[in-house]
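Visitor: I'd like to ask some things about the structure below.
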Amino acid sequence: MSRINILDASWLAVESEETSMHVGNLQIFSLPPNASKTYLRDQLERWKTTFDVVKPWNQKLAYPSFLGKLIAPTWVIDKEIDLDYHVRHSALPKPGGERELGILVSRLHSNHVDFNRPLWECHIIEGLENNRFAIYTKMHHSLIDGISGVRLLQKILSTDPNETGMLAPWCIGPKKKPRNINDEHVPTIQDVFHHAIDAVKEQASNTPQLVSAITRLVASAVKGRDELTAPFVGPQSVLNKRVKAQRRFATQQYPLDRLKQLAKDADASLNDIVLYLSGSALRRFLLERDCLPEIALTAGIPVNIRPADDDGTGTAISFMIASLATNIADPIKRLEAIKESTQIAKEHLQSLPRNTLNQYTMLMMSPYILQLLTGLGGRMRPAFNVTISNVPGPKEPLYYNGAKLEAMYPISLIAHGGALNITCLSYADSLNFGYTGCRDTLPSMQNLAVYSGEALEELDQLFSKKKRKPRQAKTKAK
């Protein structure tokens, strides 16, 4: 058995009927030019008859009950994993376009994973127009975060379009000698007690830095300072109501070079541009419904703290909060306000020693987690209005058994008090946006994808005009 750390355990603790805590990934492939008519059926058969399943795909909860998830959550190895249950086959109705795919993935993502089994599912989806197919994979957030999830799926892919005989995702991992189940240590209440003592000791050694960081957050919230955006300073909005179980999913794809050039023109980071596009789309979305708050919306931004060479599972993220400046009508001024807010948030996070980041994250997010655990989420002021994440993905075009990977879209989770999640994933020469929302709380959520594209066009034109102005002035001077 292996004990689950406190951050990963929190994802298990807040799981409920309305708030499933799994994350997903949608991969779109084009069939190989010489693919047989049974290509996908044969692929599915190979996947289902592969029984060399490795971590984290073979891990399940030792005690799947509510009490076990809360008090002493531990993983055990499922030695009799049922791949026929976990690996599934779906087909899209004609015409098999993006709309039909989005409807199916929304439905699949709405369903909970089975807590009596390893916490994942994989769906091969055929019938996508233009000779394409899709693979939708979901796994509980207690097992992976955005970075580790991308790395996990990337392991099976190749840069060689001619490579064949490639393995299933759940077959790739460190090979370890199986242990006899009789030799495995079963945790006792004493183990839990000692683990808690160790955690307290570690936190005590980092207390001065943690106190300083949390004190600054509290001061920003209480005194209404604008320098550092704190939790619970964002306004109440339609994004922050109670959610129901059904999800809606939308996508948008942009050329990565275009976004990077725009970031260079604006003297901004790529993350700043992502926040600007998201905030501008939200501003228009809420204005059209006559419910845009006078106070700027805030974004909770997961920050990767996993080392580059770490292929581990579990969660390795911290968090920062920044303003989306949705109360500013002028696009350039809105972007400048976002840039300033994110810069201050980054500096605040970077001032903390690396070994304190997990404790800092838990301390900062504990009021939000308590809201969810006590049923107060969506009934009180939100910790932040929307989660926006940017996950770096593979830089080269990739293939699986001759099928080219055309796009990867992240599908995230939502909870009470946060009905929308926007996650971006870079792949090759594109940046892929995945919008995950509550079907009932956010009707017409797909408009956000359209509005972000129009916000990009607007900003592009503004900076194009700026670049042309100096040349025009120079011509007149002659």
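Letters A, B, ... go to the chains of the structure tokens in the order shown; residues in each chain start at 1; ligands are counted from 1 in the same order.
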Using only C-alpha atoms, which protein or nucleic acid residues come within 9 Å of Leu282 in chain A? Drop anything in the same chain fewer than 6 positions from it, and give the result as a list of chain:residue names.

Guide: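 Close residues of Leu282 in chain A: A:Leu292, A:Leu297, A:Thr326, A:Leu448, A:Tyr451, A:Ser452.
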
Visitor: Write out as a tab-separated table the residues of range 354-433 of chain A that have any atom within 7 Å of an atom of range 164-167 of chain A, one row each with the nearest atom pair and its distance in Å to one decimal, counting only C-alpha atoms, sorted by chain and then rising number.

Guide:
residue	atom	partner	partner_atom	distance
A:Tyr400	CA	A:Met166	CA	7.0
A:Asn401	CA	A:Thr164	CA	4.5
A:Gly402	CA	A:Thr164	CA	6.7

Visitor: Write down as an NGL selection string the residues belonging to range 277-441 of chain A that are assigned strand (DSSP E) by DSSP computed on the backbone.

Guide: :A and (298-304 or 317-323 or 386-391 or 399-400 or 403-411 or 420-427 or 430-438)

Visitor: Restrict the selected residues to C-alpha atoms and save them as a JSON list (two decimals), in the first residue's frame.

Guide:
[["chain", "number", "residue", "atom", "x", "y", "z"],
["A", 298, "THR", "CA", -10.19, 37.01, -10.59],
["A", 299, "ALA", "CA", -8.53, 33.89, -11.96],
["A", 300, "GLY", "CA", -7.08, 31.02, -9.96],
["A", 301, "ILE", "CA", -4.00, 29.89, -11.86],
["A", 302, "PRO", "CA", -2.39, 26.49, -11.14],
["A", 303, "VAL", "CA", 1.42, 26.69, -11.26],
["A", 304, "ASN", "CA", 3.52, 23.63, -12.01],
["A", 317, "ILE", "CA", 1.03, 22.25, -8.25],
["A", 318, "SER", "CA", 0.85, 25.50, -6.38],
["A", 319, "PHE", "CA", -1.59, 28.33, -6.99],
["A", 320, "MET", "CA", -1.59, 32.03, -7.68],
["A", 321, "ILE", "CA", -4.48, 34.44, -8.15],
["A", 322, "ALA", "CA", -4.57, 37.33, -10.62],
["A", 323, "SER", "CA", -7.03, 39.94, -11.82],
["A", 386, "VAL", "CA", -12.62, 31.10, -12.64],
["A", 387, "THR", "CA", -9.73, 28.63, -12.96],
["A", 388, "ILE", "CA", -7.43, 29.27, -15.94],
["A", 389, "SER", "CA", -4.49, 26.99, -16.61],
["A", 390, "ASN", "CA", -1.84, 26.77, -19.34],
["A", 391, "VAL", "CA", -0.13, 23.38, -19.65],
["A", 399, "TYR", "CA", 2.05, 9.60, -34.09],
["A", 400, "TYR", "CA", 0.48, 6.45, -32.72],
["A", 403, "ALA", "CA", -2.00, 7.76, -36.99],
["A", 404, "LYS", "CA", -1.02, 11.42, -36.74],
["A", 405, "LEU", "CA", -2.03, 13.33, -33.63],
["A", 406, "GLU", "CA", -3.78, 16.44, -34.93],
["A", 407, "ALA", "CA", -4.79, 18.09, -31.64],
["A", 408, "MET", "CA", -4.93, 17.59, -27.86],
["A", 409, "TYR", "CA", -7.61, 19.30, -25.77],
["A", 410, "PRO", "CA", -7.59, 19.35, -21.96],
["A", 411, "ILE", "CA", -10.86, 18.71, -20.11],
["A", 420, "LEU", "CA", -16.15, 27.27, -15.42],
["A", 421, "ASN", "CA", -12.63, 26.00, -16.04],
["A", 422, "ILE", "CA", -10.46, 27.13, -18.95],
["A", 423, "THR", "CA", -7.37, 25.02, -19.59],
["A", 424, "CYS", "CA", -4.91, 25.42, -22.48],
["A", 425, "LEU", "CA", -2.52, 22.81, -23.81],
["A", 426, "SER", "CA", 0.22, 23.50, -26.34],
["A", 427, "TYR", "CA", 0.98, 20.89, -28.99],
["A", 430, "SER", "CA", -0.87, 25.18, -31.83],
["A", 431, "LEU", "CA", -2.39, 26.18, -28.49],
["A", 432, "ASN", "CA", -5.58, 24.27, -27.73],
["A", 433, "PHE", "CA", -8.21, 25.72, -25.38],
["A", 434, "GLY", "CA", -10.59, 23.44, -23.49],
["A", 435, "TYR", "CA", -13.65, 25.07, -21.85],
["A", 436, "THR", "CA", -15.31, 22.89, -19.20],
["A", 437, "GLY", "CA", -18.51, 24.24, -17.65],
["A", 438, "CYS", "CA", -21.70, 23.33, -15.83]]

Visitor: Tell me which of A:Phe115, A:Pro235, A:Arg334, A:Ser366 sits closest to Leu277 in chain A, counting only C-alpha atoms.

Guide: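 Selected residue with least distance to Leu277 in chain A: A:Arg334.
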
Visitor: Mind giving me the straight-line distance from CA of Leu270 in chain A to CA of Ile344 in chain A in Å, one decimal?

Guide: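 It comes out at 16.1 Å.
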
Visitor: Neighbouring residues of Ile81 in chain A were defined as those with any atom within 8 Å, considering only C-alpha atoms; residues of the same chain fewer than 4 positions away were excluded. Please report them as number ranges by chain.

Guide: A: 58, 117-118

Visitor: Those residues you just picked out, can you put them in a file as an mmCIF file, in the first residue's frame with C-alpha atoms?

Guide:
data_model
loop_
_atom_site.group_PDB
_atom_site.id
_atom_site.type_symbol
_atom_site.label_atom_id
_atom_site.label_comp_id
_atom_site.auth_asym_id
_atom_site.auth_seq_id
_atom_site.Cartn_x
_atom_site.Cartn_y
_atom_site.Cartn_z
ATOM 1 C CA ASN A 58 -3.474 -0.226 -11.776
ATOM 2 C CA ARG A 117 -11.876 0.194 -9.441
ATOM 3 C CA PRO A 118 -8.778 2.051 -10.664
#
